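Peer 1: My structure is stored as final18.cif, with mmCIF, C-alpha atoms.
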```cif
data_run
loop_
_atom_site.label_atom_id
_atom_site.label_comp_id
_atom_site.auth_asym_id
_atom_site.auth_seq_id
_atom_site.Cartn_x
_atom_site.Cartn_y
_atom_site.Cartn_z
CA MET A 184 3.12 6.31 27.01
CA SER A 185 0.55 7.71 24.58
CA ASN A 186 -3.17 6.99 24.95
CA CYS A 187 -3.08 5.36 21.51
CA LEU A 188 -0.31 2.99 22.59
CA ARG A 189 -2.08 2.18 25.88
CA ARG A 190 -5.24 1.28 23.98
CA MET A 191 -3.32 -0.93 21.54
CA LEU A 192 -1.59 -2.79 24.36
CA LEU A 193 -4.91 -3.32 26.13
CA VAL A 194 -6.51 -4.65 22.95
CA ALA A 195 -3.50 -6.93 22.39
CA ALA A 196 -3.81 -8.31 25.92
CA VAL A 197 -7.50 -9.01 25.38
CA ALA A 198 -6.70 -10.71 22.07
CA ILE A 199 -4.05 -12.92 23.68
CA MET A 200 -6.51 -13.93 26.39
CA ALA A 201 -9.12 -14.72 23.76
CA VAL A 202 -6.70 -16.95 21.88
CA SER A 203 -5.69 -18.80 25.05
CA CYS A 204 -9.35 -19.39 25.83
CA GLY A 205 -10.14 -20.42 22.26
CA LYS A 206 -12.57 -17.53 21.87
CA GLU A 207 -10.84 -15.33 19.29
CA LYS A 208 -13.24 -14.38 16.52
CA GLN A 209 -12.56 -14.73 12.81
CA ALA A 210 -11.46 -11.64 11.00
CA LYS A 211 -14.55 -10.27 9.30
CA TYR A 212 -13.01 -7.01 8.09
CA VAL A 213 -9.46 -7.24 6.72
CA PHE A 214 -7.14 -4.43 5.64
CA TYR A 215 -3.96 -5.47 3.82
CA PHE A 216 -1.62 -2.47 3.52
CA ILE A 217 1.47 -2.76 1.31
CA GLY A 218 3.98 0.08 1.41
CA ASP A 219 5.77 -0.33 -1.92
CA GLY A 220 9.49 0.07 -1.30
CA MET A 221 9.05 0.58 2.46
CA GLY A 222 11.91 -0.82 4.52
CA PHE A 223 12.70 -0.55 8.20
CA SER A 224 14.91 2.47 7.51
CA HIS A 225 12.08 4.29 5.72
CA ILE A 226 10.05 3.91 8.90
CA SER A 227 12.88 5.17 11.12
CA LEU A 228 13.50 8.05 8.71
CA THR A 229 9.88 9.16 8.86
CA GLU A 230 9.66 8.80 12.62
CA GLY A 231 12.88 10.79 12.92
CA TYR A 232 11.34 13.51 10.77
CA LYS A 233 8.24 13.61 12.99
CA ALA A 234 10.44 14.00 16.05
CA THR A 235 12.44 16.77 14.34
CA VAL A 236 9.25 18.69 13.55
CA GLU A 237 8.37 18.52 17.25
CA GLY A 238 11.83 19.73 18.26
CA LYS A 239 12.91 16.38 19.71
CA ILE A 240 15.84 14.03 19.31
CA GLY A 241 14.54 10.55 18.69
CA ASN A 242 11.65 8.90 16.91
CA GLU A 243 8.00 9.93 17.05
CA PRO A 244 5.92 6.81 16.26
CA LEU A 245 3.66 6.39 13.27
CA CYS A 246 0.17 5.00 13.73
CA PHE A 247 1.02 1.53 12.46
CA THR A 248 4.34 1.18 14.30
CA GLN A 249 2.32 1.23 17.52
CA PHE A 250 0.45 -1.92 16.54
CA PRO A 251 1.06 -4.64 19.15
CA VAL A 252 2.34 -7.28 16.72
CA MET A 253 5.58 -6.88 14.80
CA GLY A 254 7.47 -9.23 12.53
CA MET A 255 9.66 -9.36 9.45
CA ALA A 256 9.35 -11.03 6.06
CA THR A 257 11.97 -12.18 3.58
CA SER A 258 11.35 -10.83 0.09
CA TYR A 259 13.52 -12.66 -2.49
CA SER A 260 11.87 -13.84 -5.70
CA ALA A 261 12.03 -17.27 -7.37
CA ASN A 262 15.01 -16.30 -9.53
CA LYS A 263 16.63 -13.27 -7.87
CA TYR A 264 17.96 -12.35 -4.44
CA ILE A 265 16.45 -8.90 -5.01
CA THR A 266 12.81 -8.99 -6.05
CA CYS A 267 10.94 -6.72 -8.40
CA SER A 268 7.47 -5.43 -7.52
CA SER A 269 5.57 -7.90 -9.68
CA ALA A 270 7.28 -10.96 -8.20
CA ALA A 271 6.84 -9.61 -4.67
CA GLY A 272 3.24 -8.62 -5.38
CA THR A 273 2.58 -12.13 -6.64
CA ALA A 274 4.03 -13.62 -3.45
CA LEU A 275 1.95 -11.30 -1.26
CA ALA A 276 -1.21 -11.95 -3.26
CA THR A 277 -0.96 -15.67 -4.03
CA GLY A 278 1.45 -17.19 -1.51
CA THR A 279 3.73 -18.42 -4.32
CA LYS A 280 7.08 -17.12 -5.54
CA THR A 281 7.65 -16.27 -9.16
CA ASN A 282 10.38 -14.80 -11.37
CA ASN A 283 11.05 -11.10 -11.60
CA GLY A 284 8.92 -9.52 -14.29
CA MET A 285 6.07 -12.04 -13.98
CA LEU A 286 2.69 -11.27 -12.43
CA GLY A 287 0.26 -13.79 -10.96
CA THR A 288 1.92 -16.75 -12.66
CA THR A 289 4.43 -19.40 -11.69
CA PRO A 290 7.91 -19.35 -13.25
CA ASP A 291 6.66 -21.90 -15.81
CA SER A 292 3.80 -19.52 -16.75
CA SER A 293 0.93 -21.34 -15.03
CA ASN A 294 -1.74 -19.01 -13.66
CA LEU A 295 -1.99 -18.55 -9.90
CA THR A 296 -5.08 -17.62 -7.90
CA ALA A 297 -4.80 -14.58 -5.64
CA ILE A 298 -6.39 -14.70 -2.19
CA SER A 299 -8.67 -11.87 -3.30
CA TYR A 300 -10.45 -14.35 -5.61
CA LYS A 301 -10.61 -16.99 -2.88
CA ILE A 302 -12.07 -14.46 -0.45
CA HIS A 303 -14.52 -13.23 -3.08
CA LYS A 304 -15.59 -16.81 -3.84
CA ALA A 305 -16.44 -17.15 -0.14
CA GLY A 306 -19.00 -14.36 -0.61
CA ILE A 307 -16.95 -11.53 0.89
CA PRO A 308 -16.71 -8.18 -0.99
CA VAL A 309 -13.23 -7.24 -2.19
CA GLY A 310 -11.50 -3.91 -2.83
CA VAL A 311 -8.13 -3.17 -4.46
CA THR A 312 -6.64 0.32 -4.17
CA THR A 313 -3.37 2.16 -4.79
CA SER A 314 -1.79 5.59 -5.05
CA VAL A 315 -0.31 4.75 -8.46
CA THR A 316 -2.03 3.38 -11.57
CA ILE A 317 -4.48 0.57 -10.89
CA ASP A 318 -2.80 -1.76 -13.41
CA HIS A 319 0.61 -1.44 -11.76
CA ALA A 320 2.39 -4.50 -10.37
CA THR A 321 1.14 -4.64 -6.79
CA PRO A 322 -2.57 -4.00 -7.37
CA GLY A 323 -2.42 -6.08 -10.56
CA ALA A 324 -1.18 -9.10 -8.62
CA PHE A 325 -4.51 -9.23 -6.80
CA TYR A 326 -6.66 -9.60 -9.93
CA ALA A 327 -4.51 -10.45 -12.97
CA ASN A 328 -2.26 -13.10 -14.50
CA SER A 329 0.46 -12.15 -16.96
CA THR A 330 3.89 -13.47 -17.84
CA ALA A 331 4.91 -9.82 -18.40
CA ARG A 332 4.08 -7.15 -15.82
CA SER A 333 4.41 -4.56 -18.59
CA ASP A 334 1.39 -5.92 -20.49
CA TYR A 335 -0.77 -3.21 -18.94
CA TYR A 336 -3.63 -3.51 -21.38
CA SER A 337 -4.15 -7.22 -20.68
CA ILE A 338 -3.90 -6.56 -16.95
CA GLY A 339 -6.54 -3.82 -17.24
CA GLU A 340 -8.83 -6.14 -19.16
CA GLN A 341 -8.70 -8.61 -16.28
CA LEU A 342 -9.68 -5.90 -13.80
CA ALA A 343 -12.88 -5.35 -15.74
CA THR A 344 -13.84 -9.02 -15.51
CA SER A 345 -12.67 -9.65 -11.91
CA GLY A 346 -16.07 -8.93 -10.40
CA PHE A 347 -14.50 -7.27 -7.35
CA GLU A 348 -16.69 -4.64 -5.81
CA PHE A 349 -14.30 -1.70 -5.47
CA PHE A 350 -11.19 -0.36 -7.18
CA GLY A 351 -9.62 2.98 -6.34
CA GLY A 352 -6.62 5.21 -6.97
CA GLY A 353 -4.87 6.03 -10.22
CA GLY A 354 -6.41 5.14 -13.57
CA PHE A 355 -5.24 2.77 -16.30
CA TYR A 356 -1.67 3.20 -17.49
CA GLY A 357 -2.62 0.65 -20.13
CA ALA A 358 -4.99 3.19 -21.64
CA LYS A 359 -1.92 4.38 -23.54
CA ASP A 360 -1.45 0.94 -25.07
CA LYS A 361 -1.85 0.71 -28.86
CA ARG A 362 -4.82 -1.60 -28.34
CA GLU A 363 -6.65 1.23 -26.63
CA ALA A 364 -7.79 2.21 -30.12
CA GLU A 365 -9.72 -1.04 -30.29
CA LYS A 366 -11.44 -0.91 -26.90
CA SER A 367 -11.11 1.64 -24.11
CA LEU A 368 -10.31 0.04 -20.76
CA TYR A 369 -12.59 2.58 -19.15
CA ASP A 370 -15.41 1.59 -21.48
CA LEU A 371 -14.66 -2.08 -20.89
CA ALA A 372 -14.95 -1.63 -17.13
CA ALA A 373 -18.26 0.20 -17.56
CA GLU A 374 -19.56 -2.57 -19.83
CA ASN A 375 -18.82 -5.04 -17.05
CA GLY A 376 -21.00 -3.18 -14.58
CA TYR A 377 -18.61 -0.75 -12.96
CA SER A 378 -19.69 2.76 -12.12
CA ILE A 379 -16.64 4.98 -12.61
CA ALA A 380 -16.21 8.16 -10.58
CA TYR A 381 -13.42 10.69 -11.06
CA GLY A 382 -12.87 12.33 -7.71
CA ILE A 383 -14.80 12.50 -4.44
CA ASP A 384 -17.70 14.61 -5.75
CA GLU A 385 -18.44 12.18 -8.56
CA TYR A 386 -18.19 9.26 -6.12
CA ALA A 387 -20.82 10.83 -3.85
CA ALA A 388 -23.15 11.22 -6.83
CA ALA A 389 -22.55 7.73 -8.26
CA LYS A 390 -22.35 5.42 -5.23
CA ASP A 391 -26.09 5.06 -4.56
CA GLY A 392 -27.39 2.12 -6.52
CA ALA A 393 -23.94 1.12 -7.79
CA GLU A 394 -23.10 -2.56 -7.41
CA LYS A 395 -19.44 -2.17 -8.37
CA MET A 396 -17.46 1.03 -8.10
CA ILE A 397 -14.19 2.45 -9.43
CA LEU A 398 -12.89 5.69 -7.89
CA PHE A 399 -10.15 7.25 -10.01
CA GLN A 400 -8.10 10.41 -9.97
CA LYS A 401 -9.29 13.06 -12.40
CA MET A 402 -8.65 12.19 -16.02
CA GLU A 403 -6.55 15.23 -16.87
CA LYS A 404 -3.77 14.25 -14.46
CA ARG A 405 -0.60 12.62 -15.76
CA ASN A 406 -1.16 8.87 -16.04
CA ASN A 407 -4.17 9.46 -13.74
CA ASP A 408 -2.01 8.42 -10.76
CA LEU A 409 -2.49 10.24 -7.48
CA PRO A 410 -0.16 13.25 -7.34
CA TYR A 411 2.78 13.25 -4.97
CA VAL A 412 1.87 14.81 -1.63
CA THR A 413 3.99 17.86 -2.44
CA GLU A 414 2.29 18.37 -5.81
CA ARG A 415 -1.34 18.10 -4.76
CA GLN A 416 -3.86 20.69 -5.75
CA GLU A 417 -7.34 21.26 -4.40
CA GLY A 418 -9.66 18.49 -5.50
CA ASP A 419 -6.92 15.92 -6.10
CA LEU A 420 -7.66 12.43 -4.84
CA GLU A 421 -5.63 11.33 -1.80
CA LEU A 422 -4.91 7.79 -0.59
CA PRO A 423 -6.58 8.29 2.82
CA GLN A 424 -9.71 9.44 0.96
CA VAL A 425 -9.62 6.34 -1.23
CA VAL A 426 -9.51 4.13 1.88
CA GLU A 427 -12.34 6.09 3.46
CA LYS A 428 -14.56 5.69 0.38
CA ALA A 429 -13.64 2.03 -0.02
CA ILE A 430 -14.85 1.37 3.53
CA ASP A 431 -17.96 3.39 2.83
CA PHE A 432 -18.76 1.31 -0.26
CA LEU A 433 -17.70 -2.14 0.99
CA ASP A 434 -18.97 -2.13 4.58
CA ASN A 435 -21.78 -4.69 4.98
CA SER A 436 -22.87 -7.61 7.15
CA LYS A 437 -20.58 -10.04 5.30
CA GLY A 438 -17.45 -8.03 6.01
CA PHE A 439 -14.84 -7.15 3.38
CA PHE A 440 -11.22 -7.49 2.25
CA LEU A 441 -9.35 -4.35 1.20
CA MET A 442 -5.82 -4.19 -0.21
CA VAL A 443 -4.19 -0.74 -0.11
CA GLU A 444 -0.87 0.05 -1.76
CA GLY A 445 1.20 3.11 -0.92
CA GLY A 446 2.89 3.00 -4.31
CA LYS A 447 4.64 6.34 -4.41
CA ILE A 448 6.93 5.55 -1.50
CA ASP A 449 8.74 3.36 -4.00
CA TRP A 450 8.72 5.95 -6.77
CA ALA A 451 10.17 8.63 -4.51
CA ALA A 452 12.83 6.28 -3.13
CA HIS A 453 13.86 5.20 -6.63
CA SER A 454 14.73 8.87 -7.20
CA ASN A 455 16.52 9.08 -3.84
CA ASP A 456 14.02 11.85 -3.11
CA LEU A 457 14.36 12.42 0.62
CA ALA A 458 11.44 14.79 1.13
CA GLY A 459 9.18 12.88 -1.23
CA THR A 460 9.90 9.58 0.51
CA ILE A 461 9.05 11.02 3.93
CA PHE A 462 5.85 12.73 2.80
CA GLU A 463 4.61 9.62 0.96
CA MET A 464 5.32 7.56 4.09
CA LEU A 465 3.28 10.00 6.17
CA ASP A 466 0.45 9.81 3.65
CA PHE A 467 0.51 6.01 3.78
CA ASP A 468 0.37 6.16 7.58
CA GLN A 469 -2.65 8.49 7.40
CA ALA A 470 -4.39 5.97 5.17
CA ILE A 471 -3.71 3.28 7.76
CA ALA A 472 -5.06 5.60 10.46
CA VAL A 473 -8.39 5.69 8.56
CA ALA A 474 -8.53 1.88 8.80
CA TYR A 475 -7.54 2.02 12.46
CA GLU A 476 -10.50 4.27 13.22
CA PHE A 477 -12.73 1.60 11.69
CA TYR A 478 -10.89 -1.06 13.70
CA LYS A 479 -11.66 0.75 16.96
CA LYS A 480 -15.38 0.30 16.21
CA HIS A 481 -14.97 -3.44 15.51
CA PRO A 482 -11.82 -4.49 17.41
CA GLN A 483 -12.67 -8.18 17.74
CA GLU A 484 -13.63 -8.64 14.10
CA THR A 485 -11.08 -6.48 12.28
CA LEU A 486 -7.56 -7.38 11.16
CA ILE A 487 -5.06 -4.83 9.86
CA VAL A 488 -1.81 -6.10 8.35
CA VAL A 489 0.90 -3.68 7.20
CA THR A 490 3.93 -4.85 5.23
CA ALA A 491 6.01 -4.05 2.13
CA ASP A 492 6.92 -5.80 -1.09
CA HIS A 493 10.61 -4.85 -0.90
CA GLU A 494 12.90 -2.03 0.19
CA THR A 495 13.90 0.69 -2.28
CA GLY A 496 16.87 3.04 -2.24
CA GLY A 497 18.89 1.66 0.64
CA VAL A 498 18.31 4.80 2.69
CA THR A 499 20.50 5.33 5.77
CA LEU A 500 20.08 7.71 8.69
CA GLY A 501 23.61 9.04 8.59
CA ARG A 502 26.07 9.80 5.80
CA GLU A 503 29.81 9.19 5.77
CA LYS A 504 31.36 9.97 9.17
CA GLY A 505 29.65 11.41 12.23
CA TYR A 506 26.74 10.76 14.55
CA ALA A 507 24.13 13.20 13.34
CA TYR A 508 21.53 13.92 10.72
CA ASP A 509 19.35 17.00 10.30
CA LEU A 510 15.85 16.55 8.91
CA SER A 511 14.83 20.14 9.62
CA VAL A 512 15.84 20.97 6.04
CA VAL A 513 13.10 18.61 4.82
CA LYS A 514 10.49 20.72 6.57
CA GLN A 515 11.87 23.75 4.78
CA ALA A 516 11.53 21.92 1.45
CA GLU A 517 7.89 21.15 2.24
CA LYS A 518 7.11 24.81 2.99
CA ALA A 519 8.74 25.87 -0.25
CA THR A 520 6.32 23.73 -2.28
CA GLU A 521 2.98 24.44 -0.60
CA GLY A 522 0.35 25.50 -3.11
CA THR A 523 2.57 24.83 -6.14
CA ASP A 524 2.05 22.52 -9.09
CA VAL A 525 5.44 21.40 -10.30
CA SER A 526 6.79 18.17 -11.76
CA ASN A 527 9.94 18.38 -9.63
CA TYR A 528 9.70 20.48 -6.51
CA MET A 529 13.49 20.36 -6.08
CA ASN A 530 14.19 22.42 -9.21
CA ASP A 531 16.49 24.79 -7.35
CA ILE A 532 18.43 22.13 -5.49
CA SER A 533 19.05 18.53 -6.49
CA LYS A 534 17.40 15.80 -4.45
CA ASP A 535 20.81 14.41 -3.59
CA SER A 536 21.94 17.82 -2.34
CA LEU A 537 19.08 17.87 0.14
CA SER A 538 20.18 14.44 1.39
CA VAL A 539 23.76 15.71 1.67
CA VAL A 540 22.68 18.66 3.80
CA ALA A 541 20.47 16.41 5.93
CA LYS A 542 23.29 13.84 6.23
CA ILE A 543 21.04 11.09 4.87
CA GLY A 544 22.60 8.42 2.65
CA TRP A 545 21.32 6.29 -0.24
CA THR A 546 23.02 3.17 -1.58
CA THR A 547 21.05 2.57 -4.78
CA THR A 548 18.33 3.90 -7.07
CA SER A 549 16.89 0.39 -7.27
CA HIS A 550 15.56 -2.19 -4.82
CA THR A 551 17.55 -3.95 -2.11
CA GLY A 552 17.29 -7.50 -0.83
CA GLY A 553 16.64 -6.78 2.83
CA ALA A 554 13.77 -8.20 4.84
CA VAL A 555 10.70 -5.99 5.15
CA PRO A 556 8.61 -5.10 8.21
CA VAL A 557 5.28 -6.64 9.17
CA PHE A 558 2.91 -4.97 11.64
CA ALA A 559 -0.53 -6.21 12.64
CA VAL A 560 -3.42 -5.56 15.01
CA GLY A 561 -6.75 -7.23 15.56
CA ALA A 562 -8.31 -10.65 15.00
CA GLY A 563 -5.64 -13.22 14.15
CA SER A 564 -2.84 -10.67 14.33
CA GLY A 565 -0.66 -12.87 16.54
CA MET A 566 0.13 -15.08 13.54
CA PHE A 567 2.14 -12.29 11.94
CA ALA A 568 4.75 -11.96 14.70
CA GLY A 569 8.34 -13.00 14.17
CA ARG A 570 10.19 -14.22 11.11
CA GLN A 571 8.26 -15.28 8.01
CA ASP A 572 8.45 -15.26 4.24
CA ASN A 573 6.31 -12.96 2.14
CA THR A 574 4.47 -16.03 0.82
CA ASP A 575 3.29 -16.81 4.36
CA ILE A 576 1.36 -13.56 4.76
CA PRO A 577 -1.57 -14.25 2.38
CA LYS A 578 -1.93 -17.76 3.80
CA LYS A 579 -2.21 -16.33 7.30
CA ILE A 580 -4.79 -13.78 6.16
CA CYS A 581 -6.95 -16.56 4.74
CA LYS A 582 -6.58 -18.50 7.98
CA ALA A 583 -7.59 -15.47 10.03
CA MET A 584 -10.69 -15.04 7.83
CA GLY A 585 -11.62 -18.72 7.84
CA VAL A 586 -11.21 -18.87 4.07
CA GLU A 587 -9.71 -21.98 2.49
CA PHE A 588 -6.34 -21.17 0.94
#
```
Take the structure in this file and express it as structure tokens.

Peer 2:
Amino acid sequence: MSNCLRRMLLVAAVAIMAVSCGKEKQAKYVFYFIGDGMGFSHISLTEGYKATVEGKIGNEPLCFTQFPVMGMATSYSANKYITCSSAAGTALATGTKTNNGMLGTTPDSSNLTAISYKIHKAGIPVGVTTSVTIDHATPGAFYANSTARSDYYSIGEQLATSGFEFFGGGGFYGAKDKREAEKSLYDLAAENGYSIAYGIDEYAAAKDGAEKMILFQKMEKRNNDLPYVTERQEGDLELPQVVEKAIDFLDNSKGFFLMVEGGKIDWAAHSNDLAGTIFEMLDFDQAIAVAYEFYKKHPQETLIVVTADHETGGVTLGREKGYAYDLSVVKQAEKATEGTDVSNYMNDISKDSLSVVAKIGWTTTSHTGGAVPVFAVGAGSGMFAGRQDNTDIPKKICKAMGVEF
């Protein structure tokens, strides 16, 4: 048993005792991690890869899979068995189901209120971060209302007027909207009091004296989203760094609420990109590890919840007949791309061919309707055990924080 696991089990035992004695504290610091497209098989795939790298047969645990509380959440939308990201994001942000394609509204187009606003109204600072563009479906669900998730410009406008203290990750996709000629979303955010930093160095220079902060990837990058792990260059913004700086900016005596999306897990899985999916999962886990280090300093006042909006790709550990898979070829793919800047690091071999060699299967290039994992540690974490719906998760977070839902 690892020292990390021993510590988690000890903390869990203390938490259970506190609950039984009625002494469990409210969650003052809350991290809400959403792995876009992350299913149970994505977790097993990544843990299998970690074991392969260490020369073992089996699964080497991720940071968050060692959390003492584990559950599952159903993910269907109001009108489809298989949800899209905006409907799932709405459920995870507001506690209400909606139709695929809608964001922060009910199926009849009435606006919903995300828990981020309820938490902010209670006087607690709020941060929203992602590895993709900040106006994408999952982050957008925490600050915007739109009957069309593709109305990126309108979603970006609502970010500027949200009043939340911190945003981080990729820039505005909506900056390419035709209305950008009328008013830049970047300028609009600045007019509403946001200091905008492009990269870690600019953040360090801008944070002092800033009341509200946006930390974006450098402007010259495609869509301003954070590059895939395999395509990073020196100076590129990374999701663990975004979490680190969000904590740095938000940490105060009132506590904070921070939503973090690992968005490129989904993008890689949509492409059935085996190596990309694994490396984005590892990056997401490293971002969670940053939060866990903070948790260890405030174990009785911190809650970390890790879940997903849906599963993407239908990945399977095994392909056709046989009882084996070989993820060592993925490590070789990683070595082949180190220090390169390419749009598709599998130029010489198709992504599917890598999966064939590794004996890893995919069933779709879209989402699936399976339940998604839920992991939790810290104050109020016991509520997240067992079976639940995705709409239950934000309600439980509010309860753990003592915020009226």

Peer 1: List the neighbours of Asp572 in chain A out to 10 Å using all atoms listed in the file; skip same-chain residues closer than 6 positions along the sequence, and give me the result as a VMD selection string.

Peer 2: chain A and resid 255 to 259 274 to 275 278 554 to 555

Peer 1: Env of range 243-251 of chain A: 6 Å cut, atoms = only C-alpha atoms, seq-sep filter 6 positions within chain, self excluded. Answer as an mmCIF file with C-alpha atoms, in the coordinates of the input.

Peer 2:
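Output contents, as saved in part39.cif:
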```cif
data_model
loop_
_atom_site.group_PDB
_atom_site.id
_atom_site.type_symbol
_atom_site.label_atom_id
_atom_site.label_comp_id
_atom_site.auth_asym_id
_atom_site.auth_seq_id
_atom_site.Cartn_x
_atom_site.Cartn_y
_atom_site.Cartn_z
ATOM 1 C CA LEU A 188 -0.310 2.990 22.590
ATOM 2 C CA GLU A 230 9.660 8.800 12.620
ATOM 3 C CA LYS A 233 8.240 13.610 12.990
ATOM 4 C CA ALA A 234 10.440 14.000 16.050
ATOM 5 C CA ALA A 559 -0.530 -6.210 12.640
ATOM 6 C CA VAL A 560 -3.420 -5.560 15.010
#
```

Peer 1: Might you spell out which residues the PyMOL selection byres ((chain A and resi 252) around 12) would select in the displayed file, as a PyMOL selection string?

Peer 2: chain A and resi 191-192+194-196+198-199+247-251+253-255+486-490+556-570

Peer 1: Could you tell me how far CA of Gly351 in chain A lies from CA of His493 in chain A, in Å and to one decimal?

Peer 2: 22.4 Å

Peer 1: Taking the point (12.1, -2.3, -3.5) as given in the file, collect each protein or nucleic acid residue that comes within 7 Å of it, counting all atoms listed in the file, and present the set as a VMD selection string.

Peer 2: chain A and resid 219 to 220 267 to 268 449 492 to 495 549 to 551
